[in-house]
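Printed here is entry-v2.cif (mmCIF, C-alpha atoms):
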data_query
loop_
_atom_site.group_PDB
_atom_site.id
_atom_site.type_symbol
_atom_site.label_atom_id
_atom_site.label_comp_id
_atom_site.auth_asym_id
_atom_site.auth_seq_id
_atom_site.Cartn_x
_atom_site.Cartn_y
_atom_site.Cartn_z
ATOM 1 C CA MET A 1 -87.133 316.163 92.040
ATOM 2 C CA PRO A 2 -83.500 315.123 92.650
ATOM 3 C CA SER A 3 -80.962 315.490 89.856
ATOM 4 C CA VAL A 4 -77.827 313.624 88.782
ATOM 5 C CA ILE A 5 -75.102 314.148 86.208
ATOM 6 C CA ILE A 6 -73.641 310.967 84.723
ATOM 7 C CA THR A 7 -70.419 310.889 82.707
ATOM 8 C CA GLY A 8 -69.795 308.312 80.004
ATOM 9 C CA ALA A 9 -73.534 307.861 79.519
ATOM 10 C CA ASP A 10 -73.435 306.916 75.827
ATOM 11 C CA ARG A 11 -73.659 303.162 76.362
ATOM 12 C CA GLY A 12 -73.230 300.266 78.756
ATOM 13 C CA LEU A 13 -73.189 301.057 82.443
ATOM 14 C CA GLY A 14 -73.543 304.813 81.968
ATOM 15 C CA LEU A 15 -76.656 304.418 79.833
ATOM 16 C CA ALA A 16 -78.026 301.850 82.272
ATOM 17 C CA PHE A 17 -77.555 304.364 85.089
ATOM 18 C CA CYS A 18 -79.543 306.916 83.093
ATOM 19 C CA LYS A 19 -82.440 304.504 82.670
ATOM 20 C CA GLU A 20 -82.306 303.451 86.314
ATOM 21 C CA PHE A 21 -82.432 306.963 87.737
ATOM 22 C CA LEU A 22 -85.055 308.126 85.250
ATOM 23 C CA ALA A 23 -87.241 305.237 86.404
ATOM 24 C CA ARG A 24 -86.706 306.425 89.976
ATOM 25 C CA GLY A 25 -88.036 309.871 89.104
ATOM 26 C CA TRP A 26 -84.733 311.729 88.904
ATOM 27 C CA THR A 27 -83.740 314.428 86.451
ATOM 28 C CA VAL A 28 -80.733 313.087 84.540
ATOM 29 C CA PHE A 29 -78.006 315.069 82.813
ATOM 30 C CA ALA A 30 -76.225 312.549 80.589
ATOM 31 C CA GLY A 31 -72.680 313.243 79.448
ATOM 32 C CA LYS A 32 -72.272 312.190 75.809
ATOM 33 C CA PHE A 33 -68.844 311.573 74.243
ATOM 34 C CA LEU A 34 -69.238 308.938 71.501
ATOM 35 C CA GLU A 35 -70.685 310.618 68.414
ATOM 36 C CA SER A 36 -71.246 307.288 66.663
ATOM 37 C CA TYR A 37 -73.684 306.134 69.360
ATOM 38 C CA ASN A 38 -77.283 307.417 69.413
ATOM 39 C CA LEU A 39 -78.659 305.213 72.204
ATOM 40 C CA LEU A 40 -79.150 308.232 74.469
ATOM 41 C CA GLU A 41 -81.145 310.026 71.802
ATOM 42 C CA GLN A 42 -83.289 306.926 71.307
ATOM 43 C CA GLU A 43 -83.977 306.738 75.032
ATOM 44 C CA GLN A 44 -84.831 310.443 75.143
ATOM 45 C CA SER A 45 -87.262 310.094 72.234
ATOM 46 C CA GLN A 46 -88.935 307.011 73.699
ATOM 47 C CA LEU A 47 -89.384 308.698 77.066
ATOM 48 C CA ALA A 48 -90.983 311.731 75.468
ATOM 49 C CA GLN A 49 -93.368 309.661 73.353
ATOM 50 C CA ARG A 50 -94.197 306.935 75.869
ATOM 51 C CA GLU A 51 -94.312 308.809 79.152
ATOM 52 C CA LYS A 52 -94.183 312.503 78.206
ATOM 53 C CA ASN A 53 -90.994 312.475 80.276
ATOM 54 C CA GLN A 54 -88.632 315.387 79.613
ATOM 55 C CA ASN A 55 -86.207 314.585 82.417
ATOM 56 C CA LEU A 56 -83.311 313.299 80.287
ATOM 57 C CA HIS A 57 -80.940 316.033 79.155
ATOM 58 C CA ILE A 58 -78.034 315.099 76.872
ATOM 59 C CA ILE A 59 -74.890 317.147 77.426
ATOM 60 C CA PRO A 60 -71.774 316.929 75.189
ATOM 61 C CA LEU A 61 -68.930 316.062 77.555
ATOM 62 C CA ASP A 62 -65.322 314.924 77.267
ATOM 63 C CA VAL A 63 -64.014 314.531 80.818
ATOM 64 C CA GLY A 64 -60.449 314.507 79.502
ATOM 65 C CA ASP A 65 -60.862 318.085 78.258
ATOM 66 C CA THR A 66 -61.147 320.880 80.817
ATOM 67 C CA ALA A 67 -62.799 323.227 78.318
ATOM 68 C CA SER A 68 -65.439 320.592 77.542
ATOM 69 C CA ILE A 69 -66.170 320.150 81.252
ATOM 70 C CA ALA A 70 -66.548 323.912 81.716
ATOM 71 C CA LYS A 71 -68.896 324.156 78.736
ATOM 72 C CA ALA A 72 -70.955 321.234 80.031
ATOM 73 C CA ARG A 73 -71.200 322.928 83.426
ATOM 74 C CA ASP A 74 -72.515 326.075 81.783
ATOM 75 C CA LEU A 75 -75.103 324.098 79.805
ATOM 76 C CA VAL A 76 -76.328 322.321 82.929
ATOM 77 C CA ALA A 77 -76.389 325.595 84.882
ATOM 78 C CA GLN A 78 -78.742 327.051 82.269
ATOM 79 C CA GLN A 79 -81.287 324.361 83.177
ATOM 80 C CA THR A 80 -80.839 323.942 86.928
ATOM 81 C CA LYS A 81 -79.308 325.758 89.871
ATOM 82 C CA SER A 82 -78.466 322.575 91.748
ATOM 83 C CA LEU A 83 -77.318 318.975 91.394
ATOM 84 C CA ASP A 84 -77.712 316.260 94.003
ATOM 85 C CA MET A 85 -75.413 313.563 92.679
ATOM 86 C CA LEU A 86 -72.445 312.925 90.417
ATOM 87 C CA ILE A 87 -71.856 309.503 88.888
ATOM 88 C CA SER A 88 -68.348 309.579 87.451
ATOM 89 C CA ASN A 89 -68.486 306.641 85.059
ATOM 90 C CA ALA A 90 -66.429 307.721 82.027
ATOM 91 C CA ALA A 91 -63.211 305.758 81.571
ATOM 92 C CA LEU A 92 -60.595 305.080 78.923
ATOM 93 C CA MET A 93 -58.680 301.827 78.636
ATOM 94 C CA GLY A 94 -56.024 303.466 76.487
ATOM 95 C CA GLN A 95 -53.103 301.480 75.126
ATOM 96 C CA VAL A 96 -53.789 297.841 76.002
ATOM 97 C CA GLN A 97 -50.390 296.444 75.031
ATOM 98 C CA CYS A 98 -48.461 298.643 77.436
ATOM 99 C CA SER A 99 -46.278 296.868 80.003
ATOM 100 C CA ILE A 100 -42.603 296.141 80.539
ATOM 101 C CA ASP A 101 -42.990 292.601 79.190
ATOM 102 C CA GLU A 102 -44.548 293.884 75.959
ATOM 103 C CA PRO A 103 -42.060 296.504 74.746
ATOM 104 C CA PRO A 104 -41.755 299.113 73.532
ATOM 105 C CA MET A 105 -43.773 301.205 75.978
ATOM 106 C CA ASP A 106 -45.134 304.443 74.570
ATOM 107 C CA LEU A 107 -44.562 307.095 77.229
ATOM 108 C CA GLU A 108 -47.034 309.483 75.599
ATOM 109 C CA ALA A 109 -50.007 307.131 75.225
ATOM 110 C CA PRO A 110 -50.742 306.785 78.978
ATOM 111 C CA TRP A 111 -51.577 310.477 79.343
ATOM 112 C CA ASN A 112 -54.931 310.019 77.637
ATOM 113 C CA SER A 113 -55.888 307.436 80.268
ATOM 114 C CA TYR A 114 -54.702 309.717 83.062
ATOM 115 C CA ARG A 115 -56.614 312.719 81.752
ATOM 116 C CA VAL A 116 -59.865 310.765 81.602
ATOM 117 C CA ASN A 117 -59.557 308.274 84.472
ATOM 118 C CA ALA A 118 -57.521 310.106 87.110
ATOM 119 C CA LEU A 119 -57.930 313.830 86.468
ATOM 120 C CA GLY A 120 -61.371 313.837 84.841
ATOM 121 C CA PRO A 121 -63.318 312.963 88.015
ATOM 122 C CA VAL A 122 -61.464 315.629 90.010
ATOM 123 C CA HIS A 123 -62.090 318.267 87.353
ATOM 124 C CA MET A 124 -65.772 317.308 87.235
ATOM 125 C CA VAL A 125 -66.150 317.937 90.957
ATOM 126 C CA GLU A 126 -64.146 321.159 90.722
ATOM 127 C CA HIS A 127 -66.222 322.667 87.923
ATOM 128 C CA PHE A 128 -69.636 321.470 89.112
ATOM 129 C CA LEU A 129 -69.047 322.233 92.791
ATOM 130 C CA PRO A 130 -71.266 325.370 92.785
ATOM 131 C CA LEU A 131 -74.207 323.240 91.605
ATOM 132 C CA PHE A 132 -73.496 320.488 94.126
ATOM 133 C CA GLU A 133 -73.300 323.133 96.852
ATOM 134 C CA ASN A 134 -76.929 324.010 96.123
ATOM 135 C CA GLY A 135 -78.017 320.357 96.071
ATOM 136 C CA GLY A 136 -79.692 318.616 98.964
ATOM 137 C CA MET A 137 -77.794 315.327 98.781
ATOM 138 C CA LYS A 138 -74.191 316.250 97.903
ATOM 139 C CA ARG A 139 -73.436 312.660 96.850
ATOM 140 C CA LEU A 140 -70.298 312.016 94.765
ATOM 141 C CA CYS A 141 -70.092 308.531 93.214
ATOM 142 C CA PHE A 142 -67.168 307.091 91.304
ATOM 143 C CA ILE A 143 -66.808 303.939 89.215
ATOM 144 C CA SER A 144 -63.441 302.404 90.030
ATOM 145 C CA SER A 145 -62.087 298.912 89.344
ATOM 146 C CA GLU A 146 -60.458 295.926 90.948
ATOM 147 C CA VAL A 147 -57.262 296.842 89.082
ATOM 148 C CA SER A 148 -57.022 300.020 91.165
ATOM 149 C CA CYS A 149 -56.352 297.952 94.287
ATOM 150 C CA ILE A 150 -52.576 297.901 94.837
ATOM 151 C CA LEU A 151 -52.716 295.355 97.659
ATOM 152 C CA LEU A 152 -54.526 292.687 95.643
ATOM 153 C CA MET A 153 -53.106 293.398 92.189
ATOM 154 C CA LYS A 154 -51.791 290.302 90.415
ATOM 155 C CA HIS A 155 -50.009 290.094 87.082
ATOM 156 C CA ARG A 156 -52.291 288.946 84.296
ATOM 157 C CA PRO A 157 -51.669 289.018 80.552
ATOM 158 C CA GLY A 158 -53.346 292.065 79.086
ATOM 159 C CA ASN A 159 -53.111 294.241 82.186
ATOM 160 C CA SER A 160 -52.636 297.741 80.835
ATOM 161 C CA TYR A 161 -50.235 299.830 82.899
ATOM 162 C CA PRO A 162 -51.946 303.131 81.948
ATOM 163 C CA TYR A 163 -55.420 301.891 82.901
ATOM 164 C CA CYS A 164 -54.389 300.221 86.167
ATOM 165 C CA MET A 165 -52.162 303.096 87.280
ATOM 166 C CA SER A 166 -54.693 305.774 86.329
ATOM 167 C CA LYS A 167 -57.464 304.015 88.260
ATOM 168 C CA SER A 168 -55.241 303.856 91.357
ATOM 169 C CA SER A 169 -54.514 307.554 90.899
ATOM 170 C CA MET A 170 -58.236 308.226 90.690
ATOM 171 C CA ASN A 171 -58.712 306.569 94.068
ATOM 172 C CA MET A 172 -56.101 308.873 95.585
ATOM 173 C CA GLY A 173 -57.864 311.883 94.096
ATOM 174 C CA ILE A 174 -61.121 310.716 95.661
ATOM 175 C CA ARG A 175 -59.398 310.305 99.024
ATOM 176 C CA LEU A 176 -58.067 313.863 98.823
ATOM 177 C CA MET A 177 -61.506 315.209 97.909
ATOM 178 C CA HIS A 178 -63.076 313.201 100.731
ATOM 179 C CA ASN A 179 -60.623 314.728 103.204
ATOM 180 C CA LEU A 180 -61.732 318.193 102.107
ATOM 181 C CA LEU A 181 -65.432 317.816 101.346
ATOM 182 C CA TYR A 182 -66.795 315.307 103.863
ATOM 183 C CA LYS A 183 -66.688 317.917 106.623
ATOM 184 C CA LYS A 184 -68.688 320.203 104.322
ATOM 185 C CA GLY A 185 -71.557 317.736 104.068
ATOM 186 C CA TYR A 186 -70.508 315.672 101.054
ATOM 187 C CA THR A 187 -70.759 311.887 100.999
ATOM 188 C CA PHE A 188 -68.857 309.544 98.707
ATOM 189 C CA ARG A 189 -69.376 306.223 96.968
ATOM 190 C CA LEU A 190 -66.600 304.176 95.342
ATOM 191 C CA TYR A 191 -67.717 301.174 93.282
ATOM 192 C CA HIS A 192 -66.154 298.259 91.401
ATOM 193 C CA PRO A 193 -68.759 297.150 88.827
ATOM 194 C CA GLY A 194 -67.214 293.856 87.730
ATOM 195 C CA TRP A 195 -66.644 292.537 84.224
ATOM 196 C CA MET A 196 -69.544 293.775 82.141
ATOM 197 C CA LYS A 197 -70.682 293.056 78.628
ATOM 198 C CA LYS A 198 -69.879 295.768 76.097
ATOM 199 C CA GLN A 199 -72.809 297.500 74.443
ATOM 200 C CA MET A 200 -72.660 297.919 70.670
ATOM 201 C CA GLU A 201 -73.974 300.796 68.581
ATOM 202 C CA ASP A 202 -77.200 298.907 67.860
ATOM 203 C CA GLY A 203 -77.798 298.381 71.579
ATOM 204 C CA SER A 204 -76.873 294.695 71.635
ATOM 205 C CA LEU A 205 -74.493 293.306 74.252
ATOM 206 C CA SER A 206 -71.357 291.293 73.584
ATOM 207 C CA GLU A 207 -71.114 287.817 75.058
ATOM 208 C CA PHE A 208 -67.450 288.288 75.971
ATOM 209 C CA ALA A 209 -68.097 289.128 79.623
ATOM 210 C CA VAL A 210 -70.187 288.068 82.597
ATOM 211 C CA LEU A 211 -72.420 290.876 83.869
ATOM 212 C CA ASP A 212 -75.279 292.772 82.255
ATOM 213 C CA PRO A 213 -74.850 296.553 82.691
ATOM 214 C CA ALA A 214 -78.527 296.885 83.635
ATOM 215 C CA ASP A 215 -78.122 294.481 86.553
ATOM 216 C CA THR A 216 -75.005 296.265 87.768
ATOM 217 C CA ALA A 217 -76.688 299.668 87.490
ATOM 218 C CA SER A 218 -79.674 298.421 89.479
ATOM 219 C CA HIS A 219 -77.411 297.219 92.290
ATOM 220 C CA ALA A 220 -75.087 300.224 92.254
ATOM 221 C CA SER A 221 -77.856 302.826 92.155
ATOM 222 C CA LYS A 222 -79.309 301.532 95.413
ATOM 223 C CA TYR A 223 -75.877 301.831 97.031
ATOM 224 C CA PHE A 224 -75.400 305.319 95.594
ATOM 225 C CA GLU A 225 -78.780 306.641 96.706
ATOM 226 C CA ALA A 226 -79.172 305.165 100.186
ATOM 227 C CA PRO A 227 -77.516 306.715 103.270
ATOM 228 C CA LEU A 228 -74.868 304.699 105.108
ATOM 229 C CA ARG A 229 -74.247 304.381 108.824
ATOM 230 C CA ASP A 230 -70.519 304.979 108.413
ATOM 231 C CA GLU A 231 -70.430 307.822 105.898
ATOM 232 C CA HIS A 232 -67.125 308.999 107.372
ATOM 233 C CA ARG A 233 -65.387 305.912 105.921
ATOM 234 C CA LEU A 234 -64.285 305.950 102.298
ATOM 235 C CA VAL A 235 -64.846 302.379 101.137
ATOM 236 C CA MET A 236 -64.891 300.627 97.771
ATOM 237 C CA TYR A 237 -67.707 298.103 97.359
ATOM 238 C CA ASP A 238 -68.340 295.792 94.432
ATOM 239 C CA TYR A 239 -71.345 294.338 92.636
ATOM 240 C CA LEU A 240 -71.564 291.604 95.296
ATOM 241 C CA SER A 241 -71.615 294.199 98.112
ATOM 242 C CA GLN A 242 -68.138 293.104 99.167
ATOM 243 C CA GLU A 243 -65.662 295.616 100.548
ATOM 244 C CA TRP A 244 -62.327 296.045 98.766
ATOM 245 C CA PRO A 245 -59.085 297.469 100.141
ATOM 246 C CA TYR A 246 -57.939 300.215 97.842
#

Rendering of file as structure tokens:
Amino acid sequence: MPSVIITGADRGLGLAFCKEFLARGWTVFAGKFLESYNLLEQEQSQLAQREKNQNLHIIPLDVGDTASIAKARDLVAQQTKSLDMLISNAALMGQVQCSIDEPPMDLEAPWNSYRVNALGPVHMVEHFLPLFENGGMKRLCFISSEVSCILLMKHRPGNSYPYCMSKSSMNMGIRLMHNLLYKKGYTFRLYHPGWMKKQMEDGSLSEFAVLDPADTASHASKYFEAPLRDEHRLVMYDYLSQEWPY
């Protein structure tokens, strides 16, 4: 049975990924950060009662905290010797009103976005690498964004400098990891999920967006799981299967 660890699995796209891969027969290690949300626990309970399925494991995980990542790695390692896939989904918008046309800019606030969005994915791979080494797939998947694309970036009101810049930095980190790990058998997926509805604590979805996280997860999971002809290329695809320059 293949296994995957998913960060930011408390709600929305992360939770939808958990459900999608559980339905596909995977063992899922779900990184939980938001204490106020219990949607993961509800899913775990329903699986156990409805299907006698014990394949969802909830792991406390703050990808912006190296100690938390190390502890999560140890917890996962107690239950399995290998992982096949990483889905790096956790992200932090950070300070929204943060741009040169909306002064003053707080030079300290952006670091939270960088720790989670740019450095978190790299630290996840670093700490979990021994488990991925034992996995059969060695598939590393990362949720990026259209705002990470420097070439196509346009000014829009509400664009957060910390979020946009940290997502671009994440892409560079993925490129550096690809340069090192592809020759060792690792394959990479970079994905722009589109503008999705936010999931509330009661499980409902906001109407202030376009896409349902479940639909995006269904599309993305197929892209993550299937082999590609040109695995040597590091490419960002979106929810419409379109390629983005990044």

Could you give me, as a Markdown table, every region 29-86 of chain A residue with an atom at most 12 Å from region 224-231 of chain A, plus its closest atom pair and distance in Å to one decimal, counting only C-alpha atoms, rows ordered by chain then number?
| residue | atom | partner | partner_atom | distance |
| --- | --- | --- | --- | --- |
| A:Asp84 | CA | A:Glu225 | CA | 10.0 |
| A:Met85 | CA | A:Glu225 | CA | 8.7 |
| A:Leu86 | CA | A:Phe224 | CA | 9.7 |

Give me, as a Markdown table, the closest atom pair and its distance (Å, one decimal) for every residue of region 50-156 of chain A within a cut-off of 8 Å of region 26-42 of chain A, counting only C-alpha atoms, rows sorted by chain and rising number.
| residue | atom | partner | partner_atom | distance |
| --- | --- | --- | --- | --- |
| A:Asn55 | CA | A:Thr27 | CA | 4.7 |
| A:Leu56 | CA | A:Val28 | CA | 5.0 |
| A:His57 | CA | A:Phe29 | CA | 4.8 |
| A:Ile58 | CA | A:Ala30 | CA | 4.9 |
| A:Ile59 | CA | A:Gly31 | CA | 4.9 |
| A:Pro60 | CA | A:Lys32 | CA | 4.8 |
| A:Leu61 | CA | A:Gly31 | CA | 5.1 |
| A:Asp62 | CA | A:Phe33 | CA | 5.7 |
| A:Val76 | CA | A:Phe29 | CA | 7.4 |

Report as a list in words the full result of the PyMOL selection byres ((chain A and resi 112) around 12) when it is applied to this structure.
-> Asp62, Val63, Gly64, Asp65, Ala91, Leu92, Met93, Gly94, Gln95, Asp106, Leu107, Glu108, Ala109, Pro110, Trp111, Ser113, Tyr114, Arg115, Val116, Asn117, Ala118, Leu119, Gly120, Pro162, Tyr163 and Ser166 of chain A

Which residues are near Leu152 (chain A)? Cut-off 10 Å, all atoms listed in the file, ignore same chain within fewer than 4 positions. Put them as a JSON list (two decimals) with C-alpha atoms, keeping the file's coordinate frame.
[["chain", "number", "residue", "atom", "x", "y", "z"],
["A", 146, "GLU", "CA", -60.46, 295.93, 90.95],
["A", 147, "VAL", "CA", -57.26, 296.84, 89.08],
["A", 148, "SER", "CA", -57.02, 300.02, 91.16],
["A", 244, "TRP", "CA", -62.33, 296.04, 98.77],
["A", 245, "PRO", "CA", -59.08, 297.47, 100.14],
["A", 246, "TYR", "CA", -57.94, 300.21, 97.84]]

Taking only C-alpha atoms into account, which of A:Pro193, A:Gly135, A:Pro130, A:Gly12 comes nearest His219 (chain A)?
->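 Under the stated criterion, the closest residue is A:Pro193.
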
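Of the listed residues (A:Pro2, A:Leu234, A:Phe188, A:Met165), A:Pro2 comes nearest to Arg24 (chain A); the distances count all atoms listed in the file.
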
Could you state the separation of CA of Met200 (chain A) and CA of Arg11 (chain A) in Å, given to one decimal place?
-> 7.8 Å

Suppose you want the space between CA of Ala217 (chain A) and CA of Gly14 (chain A); what is it in Å?
->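 Rounded to one decimal, the two atoms are 8.2 Å apart.
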
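Around the point (-67.2, 320.4, 83.4), within 9 Å and counting all atoms listed in the file, we find these residues: Leu61, Asp62, Val63, Asp65, Thr66, Ala67, Ser68, Ile69, Ala70, Lys71, Ala72, Arg73, Asp74, Gly120, His123, Met124, Val125, Glu126, His127 and Phe128 of chain A.
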
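Taking CA of Ile174 (chain A) and CA of Glu243 (chain A) as endpoints, the distance between them is 16.5 Å.
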
Taking the file as shown, find all residues satisfying the PyMOL selection byres ((chain A and resi 189) around 7) and write them as a list of chain:residue names.
-> A:Leu140, A:Cys141, A:Phe142, A:Phe188, A:Leu190, A:Tyr191, A:Phe224

Residue members of the PyMOL selection byres ((chain A and resi 184) around 12) in the file shown, as JSON, numbers by chain = {"A": [129, 132, 133, 137, 138, 139, 177, 178, 179, 180, 181, 182, 183, 185, 186, 187, 232]}

Closest of A:Cys149, A:Met196, A:Ala209, A:Leu75 to Leu131 (chain A), counting only C-alpha atoms, is A:Leu75

Quick one: of A:Leu205, A:Leu22, A:Met1, A:Ala90, who's nearest to Glu43 (chain A), counting all atoms listed in the file?
->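 Among the listed residues, A:Leu22 lies closest to Glu43 (chain A).
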
Using all atoms listed in the file, which residue out of A:Lys198, A:Ser3, A:Gly25, A:Lys19 lies closest to Gln79 (chain A)?
->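 Counting all atoms listed in the file, the residue closest to Gln79 (chain A) is A:Ser3.
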
Which is closer to Asp238 (chain A) than all the others in A:Leu151, A:Ile143, A:Val122, A:Ala9, using all atoms listed in the file?
->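 Smallest distance to Asp238 (chain A) is found for A:Ile143.
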